[in-house]
Amino acid sequence: MSLSAACPDDLEFAFPHAVNLAELGQSPMDKKIGYIFCTELMPSWHELQLMLVNTLRKDLESTSVARICLALDVLTQAPNEDVIPAVDTRLQSLLQHQSVGVRRRALVAYHTLFRQDAERLARLEDVIQRRLRAEPSGIASISTTAGKFKQSESLGKLLNSQLQRQYRDSGEPSSVISILRTLRRGELKLEPGSVPVVLDFIKRVSNVPMRAVLREAFMLLSTVSAEELDKSQLSSTAVTSIRHFLSSRDPNDLYLFLSCLSCVDPNTWAGTRPNTVAVLDEWEVQGIMRLLDSPDGLLRKMTLKILRSVDPIIVETYYSQALHNLSPSLSLSDKNEYVSRLLEIIDMQDANDIDQYARHLKDLFSVVEGGEHGPTEYLPVLDLSVQRILNGIRERETSSRISCVTALAVSLIEPEECVGPTLMVVISALVSEYCGKVSTSPAEMLRGIATRLTSYPSSVQDACLLTMLRLSVECDEVPEEVTAAVRRLSQNTGTYLRRRCDQFLTLSTQRRILAEIISRAPSSSLPDFLFALNSYQSTPNTASSQSSRTTSSGSQDSLNFSPSRGAASARQLRYEAYAAPQPVPSLRYLSSPRRSKASVSSPEGRIRSLSRASDASNPLDELSKTITPGELTLAAAQSPFYGLETGRIPEPVTQPPQDDLASRVDLIALDSPFIAEPAKEVSADTDFRAAWESMENANVRGWCEASLDMIVRLLQSLQYRMRVIATDQPPFEGELKVLVQGPEPQQHATLRLREGEDESCLWRLRCDDLELRTSIKRLMENM
């Protein structure tokens, strides 16, 4: 079943029926369905809106509480100016309705309809205050609307007086919960006379505990200054009441402790002011420091903010020690996590100083990717750090982003500056995205990247070449030393990077074509630039027309680089395009010695190994072949030994029918002179897609310089049962699928292979069994 989005015009026929259902529905649920359909899909200018207004007025005037509440909910969710004259009088009368639910909804609907009318809102505030004075216990029914009057002094004074009186009369925390919530939602200040009430409330509630109410009470305390808390002589009560949460192992309790502690001025509990005593003991302070190493990122962030509010030197000292203790022997995953936590500290420290943030980044990676961690070309890229830095910079204002990129790009033009692979990926992505906006010269940045190209792994070199290609369009002329550096890299690298180098050498001199590619990119980011570049190459018509147009005009901006394989002309193909594949005899058709007798008796039989079948036209090659024991046995069955006199082996095996052979074309023809047993296959009942999706959390991927034939041949050497699904068969068309079964029936591995150019392959492996996954991964990585 396929789903498609419908336009409102497509549902025009249903609007009359929906209005009739809203008006004539037998039950509130029927009427609700009609209302929802109209409010969600009917345009505000539709002619049937007038009928819907009339229906709302009738429901508001009904004696049924359910119908009145339904109409008020519709008014709140979909306010309409056209409905105000029809419901104004009735809505004011509903403010005095005997039903609490109706009164509460009427208040909300009235505020929603008249939120732009200051006179009406003032009248509504007077209604709320009169009701609060007449019925103090009814605050629960008006708290939602009362909280919408932000920073109202008269309402704040009334609520503070009600808080003190009700708590004094009842002494129960539950009697003032609604008042506390209304004060917080309305952003109303807590008066000094209410502070002891809230502190006592915190003391009682923290033992239950009522987490949400406790946090709301602390948020109210954040509106009170430290001097006012000191005057109450109960300033330490709040922190003392929650200190037992610090020793809990529950992350929710730890979060509650930190969130409440952050609402209190540190001068009241940290002992940083003269003549003040710290509320927390030494072991409790150590417990807070240990939260900096918590696996929960939110707890770490809140702890950093609290410690920095106490004394910024605490955080700076912790950062310096953590950076100094970074061990070169950490695994990649541990190092990734460690550096990511150090970046959390930098983000928090330099949230308002972008230049200091850039300096801290360079200092951090000068240590993380320093000489003691190994040569630069062997250092891995810390992907978590790259993601965190790029996301953090993009969340800042435009001017701050450009300043940060400029500060980082300066590292490229300073020869003595050490730029590791992770920082280079960050700079490459940012320079490509903000190219043309930074003040640093593009030619100088090109020189800086080119001089460092050979000191990075191939993945970083690829990103650098893309950035250099993006920078070249901003230069009037690419410096000669840059071109020479790329040529040297092209001579000493693999096939993939050699194509990227050729691409740079070609397109860097064709600014008009390169500018057109950049204009097609969805955004200025480096991945989108790569997408536009690949899309331009994979469009043969564009490339050929552009090339022919520029060639005829004598321009030098001709597209000389090779297009993708899909764009190759028919003359360049070594086979007829889209021709049917030629059947290749499989090893399963070769006769074993046990069947030689039957094979000889066939008048049309012939025996031929796969390797000799391909070289039948060359008798000298056949003379150099080693005769296998099986072939010798077959030869001995014929007299005289005429086949051995000339070195030729008789070939009496009957070849299977052509149609049957074509239907069973093998993926690989093993070029071995020995007769092998057929490969063991996995049961066909095992579904590849289901097996692939069931092992989603056990992913491994990589790139190898080997053909699909070679990979399957090496997988067979593992002696596991396996099933191969062709590239044109589902699922995942375009990829070769291999399902491997381990020693145990429940052990499976799924492998997806996508063929690249020049005998290369991108592979993805999923396997829950560690031993089986390791053996296959090691095999793939050693190709």
# chains A, B, ... in the order shown; residues from 1 in each chain; ligands from 1

$ residues_around --residues "Trp283 (chain A)" --least-positions-apart "6" --cutoff "12 Å" --atoms "only C-alpha atoms" --output "number ranges by chain"
A: 243, 246-247, 289-290

$ write_last_selection --atoms "all heavy atoms" --output "PDB file, in the first residue's frame"
ATOM      1  N   ARG A 243      21.162  16.897  50.014  1.00  0.00           N
ATOM      2  CA  ARG A 243      22.509  16.332  49.968  1.00  0.00           C
ATOM      3  C   ARG A 243      22.488  14.813  49.924  1.00  0.00           C
ATOM      4  O   ARG A 243      23.443  14.195  49.417  1.00  0.00           O
ATOM      5  CB  ARG A 243      23.329  16.811  51.161  1.00  0.00           C
ATOM      6  CG  ARG A 243      22.801  16.350  52.488  1.00  0.00           C
ATOM      7  CD  ARG A 243      23.396  17.115  53.656  1.00  0.00           C
ATOM      8  NE  ARG A 243      24.845  17.166  53.632  1.00  0.00           N
ATOM      9  CZ  ARG A 243      25.582  17.897  54.462  1.00  0.00           C
ATOM     10  NH1 ARG A 243      24.976  18.662  55.381  1.00  0.00           N
ATOM     11  NH2 ARG A 243      26.887  17.897  54.398  1.00  0.00           N
ATOM     12  N   LEU A 246      23.056  12.913  46.546  1.00  0.00           N
ATOM     13  CA  LEU A 246      24.385  12.799  45.954  1.00  0.00           C
ATOM     14  C   LEU A 246      24.960  11.400  46.101  1.00  0.00           C
ATOM     15  O   LEU A 246      25.737  10.948  45.254  1.00  0.00           O
ATOM     16  CB  LEU A 246      25.325  13.832  46.591  1.00  0.00           C
ATOM     17  CG  LEU A 246      26.751  13.909  46.045  1.00  0.00           C
ATOM     18  CD1 LEU A 246      26.748  14.204  44.555  1.00  0.00           C
ATOM     19  CD2 LEU A 246      27.549  14.972  46.794  1.00  0.00           C
ATOM     20  N   SER A 247      24.593  10.697  47.141  1.00  0.00           N
ATOM     21  CA  SER A 247      25.120   9.344  47.363  1.00  0.00           C
ATOM     22  C   SER A 247      24.296   8.277  46.657  1.00  0.00           C
ATOM     23  O   SER A 247      24.617   7.093  46.758  1.00  0.00           O
ATOM     24  CB  SER A 247      25.151   9.044  48.865  1.00  0.00           C
ATOM     25  OG  SER A 247      23.855   9.172  49.431  1.00  0.00           O
ATOM     26  N   MET A 289      32.940  16.188  42.157  1.00  0.00           N
ATOM     27  CA  MET A 289      34.047  16.145  41.192  1.00  0.00           C
ATOM     28  C   MET A 289      34.045  14.835  40.405  1.00  0.00           C
ATOM     29  O   MET A 289      34.390  14.821  39.220  1.00  0.00           O
ATOM     30  CB  MET A 289      35.378  16.323  41.917  1.00  0.00           C
ATOM     31  CG  MET A 289      35.586  17.689  42.544  1.00  0.00           C
ATOM     32  SD  MET A 289      35.658  19.007  41.305  1.00  0.00           S
ATOM     33  CE  MET A 289      37.122  18.533  40.402  1.00  0.00           C
ATOM     34  N   ARG A 290      33.653  13.730  41.055  1.00  0.00           N
ATOM     35  CA  ARG A 290      33.618  12.445  40.340  1.00  0.00           C
ATOM     36  C   ARG A 290      32.555  12.436  39.246  1.00  0.00           C
ATOM     37  O   ARG A 290      32.657  11.647  38.300  1.00  0.00           O
ATOM     38  CB  ARG A 290      33.362  11.308  41.332  1.00  0.00           C
ATOM     39  CG  ARG A 290      34.589  10.885  42.123  1.00  0.00           C
ATOM     40  CD  ARG A 290      34.371   9.537  42.793  1.00  0.00           C
ATOM     41  NE  ARG A 290      33.302   9.613  43.783  1.00  0.00           N
ATOM     42  CZ  ARG A 290      33.490   9.902  45.067  1.00  0.00           C
ATOM     43  NH1 ARG A 290      34.717  10.166  45.512  1.00  0.00           N
ATOM     44  NH2 ARG A 290      32.470   9.943  45.914  1.00  0.00           N
TER      45      ARG A 290
END

$ atom_distance --atom1 "CA of Asp528 (chain A)" --atom2 "CA of Gly702 (chain A)"
22.5 Å

$ residues_around --residues "Ala18 (chain A)" --least-positions-apart "5" --cutoff "12 Å" --atoms "only C-alpha atoms" --output "PyMOL selection string"
chain A and resi 11-13+23-25+30-42+48-49+51-52+55

$ residues_around --residues "Thr240 (chain A)" --least-positions-apart "6" --cutoff "12 Å" --atoms "only C-alpha atoms" --output "ChimeraX atom specification"
/A:199-200,202-204,206-207,234,246,257,260-261,264,268-269,278-281,284

$ closest_residue --among "A:Asp126, A:Glu282, A:Glu337, A:Glu397" --to "Pro295 (chain A)" --atoms "only C-alpha atoms"
A:Glu337

$ residues_around --residues "Ser400 (chain A)" --least-positions-apart "3" --cutoff "12 Å" --atoms "only C-alpha atoms" --output "ChimeraX atom specification"
/A:350-358,392-397,403-407,438

$ atom_distance --atom1 "CA of Lys305 (chain A)" --atom2 "CA of Tyr318 (chain A)"
13.2 Å

$ select_by_dssp --residues "region 73-321 of chain A" --states "helix (DSSP H, G or I)" --output "ChimeraX atom specification"
/A:73-77,81-94,100-113,118-134,136-146,153-170,173-185,192-205,211-221,226-231,237-247,251-261,266-268,282-293,297-310,312-321

$ residues_around --residues "Val102 (chain A)" --least-positions-apart "3" --cutoff "12 Å" --atoms "only C-alpha atoms" --output "JSON list (two decimals) with all heavy atoms, in the first residue's frame"
[["chain", "number", "residue", "atom", "x", "y", "z"],
["A", 60, "LEU", "N", -21.82, 25.96, 22.52],
["A", 60, "LEU", "CA", -21.53, 26.74, 23.72],
["A", 60, "LEU", "C", -22.81, 27.07, 24.50],
["A", 60, "LEU", "O", -22.79, 27.18, 25.73],
["A", 60, "LEU", "CB", -20.81, 28.04, 23.35],
["A", 60, "LEU", "CG", -19.35, 27.90, 22.88],
["A", 60, "LEU", "CD1", -18.81, 29.25, 22.44],
["A", 60, "LEU", "CD2", -18.47, 27.32, 23.98],
["A", 63, "THR", "N", -26.82, 22.84, 27.06],
["A", 63, "THR", "CA", -26.81, 22.51, 28.49],
["A", 63, "THR", "C", -25.92, 21.33, 28.80],
["A", 63, "THR", "O", -25.69, 21.02, 29.98],
["A", 63, "THR", "CB", -28.24, 22.19, 28.95],
["A", 63, "THR", "OG1", -28.76, 21.11, 28.15],
["A", 63, "THR", "CG2", -29.16, 23.42, 28.78],
["A", 64, "SER", "N", -25.39, 20.68, 27.77],
["A", 64, "SER", "CA", -24.50, 19.53, 27.97],
["A", 64, "SER", "C", -23.08, 20.02, 28.26],
["A", 64, "SER", "O", -22.49, 20.77, 27.47],
["A", 64, "SER", "CB", -24.50, 18.63, 26.72],
["A", 64, "SER", "OG", -23.52, 17.63, 26.82],
["A", 65, "VAL", "N", -22.56, 19.60, 29.40],
["A", 65, "VAL", "CA", -21.19, 19.99, 29.77],
["A", 65, "VAL", "C", -20.18, 19.45, 28.77],
["A", 65, "VAL", "O", -19.20, 20.12, 28.42],
["A", 65, "VAL", "CB", -20.87, 19.51, 31.20],
["A", 65, "VAL", "CG1", -19.41, 19.78, 31.55],
["A", 65, "VAL", "CG2", -21.79, 20.17, 32.21],
["A", 66, "ALA", "N", -20.40, 18.24, 28.27],
["A", 66, "ALA", "CA", -19.46, 17.63, 27.33],
["A", 66, "ALA", "C", -19.38, 18.44, 26.04],
["A", 66, "ALA", "O", -18.30, 18.68, 25.50],
["A", 66, "ALA", "CB", -19.87, 16.20, 27.03],
["A", 67, "ARG", "N", -20.54, 18.89, 25.52],
["A", 67, "ARG", "CA", -20.55, 19.67, 24.29],
["A", 67, "ARG", "C", -19.92, 21.05, 24.51],
["A", 67, "ARG", "O", -19.21, 21.56, 23.64],
["A", 67, "ARG", "CB", -21.99, 19.82, 23.77],
["A", 67, "ARG", "CG", -22.60, 18.49, 23.30],
["A", 67, "ARG", "CD", -24.03, 18.67, 22.83],
["A", 67, "ARG", "NE", -24.10, 19.56, 21.68],
["A", 67, "ARG", "CZ", -25.24, 19.89, 21.07],
["A", 67, "ARG", "NH1", -26.41, 19.40, 21.53],
["A", 67, "ARG", "NH2", -25.25, 20.70, 20.04],
["A", 68, "ILE", "N", -20.16, 21.64, 25.68],
["A", 68, "ILE", "CA", -19.54, 22.94, 25.97],
["A", 68, "ILE", "C", -18.02, 22.82, 26.04],
["A", 68, "ILE", "O", -17.28, 23.63, 25.47],
["A", 68, "ILE", "CB", -20.11, 23.52, 27.29],
["A", 68, "ILE", "CG1", -21.60, 23.80, 27.15],
["A", 68, "ILE", "CG2", -19.37, 24.78, 27.69],
["A", 68, "ILE", "CD1", -22.26, 24.24, 28.45],
["A", 69, "CYS", "N", -17.53, 21.78, 26.74],
["A", 69, "CYS", "CA", -16.08, 21.58, 26.85],
["A", 69, "CYS", "C", -15.46, 21.31, 25.49],
["A", 69, "CYS", "O", -14.35, 21.80, 25.20],
["A", 69, "CYS", "CB", -15.80, 20.44, 27.81],
["A", 69, "CYS", "SG", -16.19, 20.79, 29.54],
["A", 70, "LEU", "N", -16.16, 20.56, 24.64],
["A", 70, "LEU", "CA", -15.64, 20.28, 23.31],
["A", 70, "LEU", "C", -15.53, 21.56, 22.49],
["A", 70, "LEU", "O", -14.50, 21.79, 21.82],
["A", 70, "LEU", "CB", -16.55, 19.27, 22.61],
["A", 70, "LEU", "CG", -16.18, 18.91, 21.16],
["A", 70, "LEU", "CD1", -14.79, 18.30, 21.10],
["A", 70, "LEU", "CD2", -17.21, 17.93, 20.57],
["A", 71, "ALA", "N", -16.54, 22.41, 22.54],
["A", 71, "ALA", "CA", -16.49, 23.67, 21.80],
["A", 71, "ALA", "C", -15.39, 24.58, 22.32],
["A", 71, "ALA", "O", -14.70, 25.26, 21.53],
["A", 71, "ALA", "CB", -17.85, 24.36, 21.89],
["A", 72, "LEU", "N", -15.20, 24.64, 23.64],
["A", 72, "LEU", "CA", -14.12, 25.47, 24.20],
["A", 72, "LEU", "C", -12.75, 24.95, 23.79],
["A", 72, "LEU", "O", -11.83, 25.75, 23.54],
["A", 72, "LEU", "CB", -14.26, 25.51, 25.72],
["A", 72, "LEU", "CG", -15.47, 26.27, 26.28],
["A", 72, "LEU", "CD1", -15.58, 26.07, 27.78],
["A", 72, "LEU", "CD2", -15.37, 27.75, 25.94],
["A", 73, "ASP", "N", -12.58, 23.64, 23.74],
["A", 73, "ASP", "CA", -11.31, 23.07, 23.29],
["A", 73, "ASP", "C", -11.03, 23.44, 21.84],
["A", 73, "ASP", "O", -9.87, 23.73, 21.47],
["A", 73, "ASP", "CB", -11.32, 21.56, 23.46],
["A", 73, "ASP", "CG", -11.25, 21.13, 24.91],
["A", 73, "ASP", "OD1", -10.81, 21.95, 25.74],
["A", 73, "ASP", "OD2", -11.65, 19.98, 25.22],
["A", 91, "LEU", "N", -19.15, 33.44, 26.17],
["A", 91, "LEU", "CA", -17.88, 33.07, 26.79],
["A", 91, "LEU", "C", -17.71, 33.76, 28.14],
["A", 91, "LEU", "O", -17.19, 33.16, 29.10],
["A", 91, "LEU", "CB", -16.73, 33.44, 25.85],
["A", 91, "LEU", "CG", -15.36, 32.79, 26.10],
["A", 91, "LEU", "CD1", -15.48, 31.28, 26.08],
["A", 91, "LEU", "CD2", -14.35, 33.26, 25.07],
["A", 92, "GLN", "N", -18.15, 35.01, 28.26],
["A", 92, "GLN", "CA", -18.04, 35.71, 29.54],
["A", 92, "GLN", "C", -18.94, 35.08, 30.60],
["A", 92, "GLN", "O", -18.56, 34.98, 31.77],
["A", 92, "GLN", "CB", -18.41, 37.19, 29.35],
["A", 92, "GLN", "CG", -17.42, 37.95, 28.49],
["A", 92, "GLN", "CD", -17.74, 39.43, 28.42],
["A", 92, "GLN", "OE1", -18.15, 40.03, 29.41],
["A", 92, "GLN", "NE2", -17.56, 40.03, 27.25],
["A", 93, "SER", "N", -20.11, 34.61, 30.18],
["A", 93, "SER", "CA", -21.01, 33.95, 31.14],
["A", 93, "SER", "C", -20.46, 32.60, 31.58],
["A", 93, "SER", "O", -20.70, 32.17, 32.72],
["A", 93, "SER", "CB", -22.41, 33.79, 30.53],
["A", 93, "SER", "OG", -22.36, 32.92, 29.41],
["A", 94, "LEU", "N", -19.73, 31.94, 30.70],
["A", 94, "LEU", "CA", -19.16, 30.63, 31.06],
["A", 94, "LEU", "C", -18.04, 30.76, 32.09],
["A", 94, "LEU", "O", -17.65, 29.76, 32.70],
["A", 94, "LEU", "CB", -18.63, 29.91, 29.81],
["A", 94, "LEU", "CG", -19.69, 29.41, 28.82],
["A", 94, "LEU", "CD1", -19.03, 28.78, 27.60],
["A", 94, "LEU", "CD2", -20.63, 28.40, 29.48],
["A", 95, "LEU", "N", -17.47, 31.95, 32.26],
["A", 95, "LEU", "CA", -16.46, 32.14, 33.28],
["A", 95, "LEU", "C", -17.02, 31.92, 34.68],
["A", 95, "LEU", "O", -16.25, 31.67, 35.63],
["A", 95, "LEU", "CB", -15.86, 33.56, 33.18],
["A", 95, "LEU", "CG", -15.08, 33.88, 31.90],
["A", 95, "LEU", "CD1", -14.66, 35.34, 31.89],
["A", 95, "LEU", "CD2", -13.85, 32.98, 31.76],
["A", 96, "GLN", "N", -18.36, 32.02, 34.81],
["A", 96, "GLN", "CA", -19.01, 31.81, 36.11],
["A", 96, "GLN", "C", -19.79, 30.49, 36.14],
["A", 96, "GLN", "O", -20.65, 30.32, 37.00],
["A", 96, "GLN", "CB", -19.98, 32.98, 36.38],
["A", 96, "GLN", "CG", -19.39, 34.36, 36.17],
["A", 96, "GLN", "CD", -18.22, 34.64, 37.10],
["A", 96, "GLN", "OE1", -18.17, 34.12, 38.22],
["A", 96, "GLN", "NE2", -17.28, 35.48, 36.65],
["A", 97, "HIS", "N", -19.50, 29.59, 35.23],
["A", 97, "HIS", "CA", -20.24, 28.33, 35.17],
["A", 97, "HIS", "C", -19.97, 27.50, 36.43],
["A", 97, "HIS", "O", -18.90, 27.58, 37.04],
["A", 97, "HIS", "CB", -19.82, 27.54, 33.92],
["A", 97, "HIS", "CG", -20.78, 26.47, 33.52],
["A", 97, "HIS", "ND1", -20.75, 25.20, 34.06],
["A", 97, "HIS", "CD2", -21.81, 26.48, 32.62],
["A", 97, "HIS", "CE1", -21.70, 24.46, 33.51],
["A", 97, "HIS", "NE2", -22.37, 25.22, 32.63],
["A", 98, "GLN", "N", -20.95, 26.68, 36.78],
["A", 98, "GLN", "CA", -20.82, 25.89, 37.99],
["A", 98, "GLN", "C", -19.84, 24.74, 37.85],
["A", 98, "GLN", "O", -19.31, 24.23, 38.84],
["A", 98, "GLN", "CB", -22.20, 25.32, 38.38],
["A", 98, "GLN", "CG", -22.81, 24.42, 37.31],
["A", 98, "GLN", "CD", -24.19, 23.91, 37.69],
["A", 98, "GLN", "OE1", -24.69, 24.22, 38.76],
["A", 98, "GLN", "NE2", -24.79, 23.13, 36.80],
["A", 99, "SER", "N", -19.55, 24.30, 36.64],
["A", 99, "SER", "CA", -18.61, 23.22, 36.41],
["A", 99, "SER", "C", -17.17, 23.74, 36.43],
["A", 99, "SER", "O", -16.85, 24.73, 35.74],
["A", 99, "SER", "CB", -18.88, 22.53, 35.07],
["A", 99, "SER", "OG", -17.86, 21.60, 34.77],
["A", 105, "ARG", "N", -11.62, 25.80, 31.20],
["A", 105, "ARG", "CA", -11.50, 25.90, 29.74],
["A", 105, "ARG", "C", -11.94, 27.27, 29.23],
["A", 105, "ARG", "O", -11.38, 27.78, 28.25],
["A", 105, "ARG", "CB", -12.33, 24.80, 29.08],
["A", 105, "ARG", "CG", -11.73, 23.41, 29.20],
["A", 105, "ARG", "CD", -12.66, 22.36, 28.60],
["A", 105, "ARG", "NE", -12.04, 21.05, 28.50],
["A", 105, "ARG", "CZ", -11.97, 20.18, 29.50],
["A", 105, "ARG", "NH1", -12.51, 20.51, 30.70],
["A", 105, "ARG", "NH2", -11.39, 19.01, 29.34],
["A", 106, "ALA", "N", -12.93, 27.86, 29.87],
["A", 106, "ALA", "CA", -13.39, 29.18, 29.45],
["A", 106, "ALA", "C", -12.31, 30.23, 29.67],
["A", 106, "ALA", "O", -12.12, 31.14, 28.85],
["A", 106, "ALA", "CB", -14.67, 29.55, 30.20],
["A", 107, "LEU", "N", -11.58, 30.13, 30.78],
["A", 107, "LEU", "CA", -10.48, 31.06, 31.03],
["A", 107, "LEU", "C", -9.40, 30.94, 29.95],
["A", 107, "LEU", "O", -8.90, 31.95, 29.43],
["A", 107, "LEU", "CB", -9.88, 30.78, 32.41],
["A", 107, "LEU", "CG", -10.68, 31.24, 33.63],
["A", 107, "LEU", "CD1", -10.05, 30.69, 34.90],
["A", 107, "LEU", "CD2", -10.75, 32.76, 33.69],
["A", 108, "VAL", "N", -9.04, 29.70, 29.62],
["A", 108, "VAL", "CA", -8.00, 29.49, 28.62],
["A", 108, "VAL", "C", -8.47, 29.97, 27.25],
["A", 108, "VAL", "O", -7.72, 30.63, 26.50],
["A", 108, "VAL", "CB", -7.60, 28.00, 28.57],
["A", 108, "VAL", "CG1", -6.57, 27.76, 27.48],
["A", 108, "VAL", "CG2", -7.05, 27.55, 29.92],
["A", 109, "ALA", "N", -9.71, 29.67, 26.88],
["A", 109, "ALA", "CA", -10.24, 30.10, 25.58],
["A", 109, "ALA", "C", -10.33, 31.62, 25.50],
["A", 109, "ALA", "O", -10.01, 32.23, 24.46],
["A", 109, "ALA", "CB", -11.61, 29.46, 25.34],
["A", 110, "TYR", "N", -10.75, 32.25, 26.59],
["A", 110, "TYR", "CA", -10.86, 33.72, 26.61],
["A", 110, "TYR", "C", -9.48, 34.36, 26.42],
["A", 110, "TYR", "O", -9.33, 35.31, 25.66],
["A", 110, "TYR", "CB", -11.48, 34.16, 27.94],
["A", 110, "TYR", "CG", -11.98, 35.59, 27.94],
["A", 110, "TYR", "CD1", -13.29, 35.88, 27.64],
["A", 110, "TYR", "CD2", -11.12, 36.65, 28.25],
["A", 110, "TYR", "CE1", -13.76, 37.19, 27.65],
["A", 110, "TYR", "CE2", -11.56, 37.95, 28.26],
["A", 110, "TYR", "CZ", -12.89, 38.22, 27.96],
["A", 110, "TYR", "OH", -13.33, 39.51, 27.95],
["A", 141, "SER", "N", -7.85, 25.39, 39.46],
["A", 141, "SER", "CA", -8.64, 25.57, 38.25],
["A", 141, "SER", "C", -8.22, 26.78, 37.45],
["A", 141, "SER", "O", -8.60, 26.90, 36.27],
["A", 141, "SER", "CB", -10.13, 25.68, 38.61],
["A", 141, "SER", "OG", -10.36, 26.82, 39.43],
["A", 142, "ILE", "N", -7.48, 27.69, 38.04],
["A", 142, "ILE", "CA", -7.07, 28.91, 37.33],
["A", 142, "ILE", "C", -5.56, 29.02, 37.17],
["A", 142, "ILE", "O", -5.07, 30.00, 36.62],
["A", 142, "ILE", "CB", -7.60, 30.17, 38.06],
["A", 142, "ILE", "CG1", -6.93, 30.28, 39.44],
["A", 142, "ILE", "CG2", -9.11, 30.16, 38.16],
["A", 142, "ILE", "CD1", -7.28, 31.57, 40.16]]

$ residues_around --residues "Ile517 (chain A)" --least-positions-apart "3" --cutoff "12 Å" --atoms "only C-alpha atoms" --output "VMD selection string"
chain A and resid 469 to 470 473 507 510 to 514 520 to 524 528 to 537 539 542 to 543
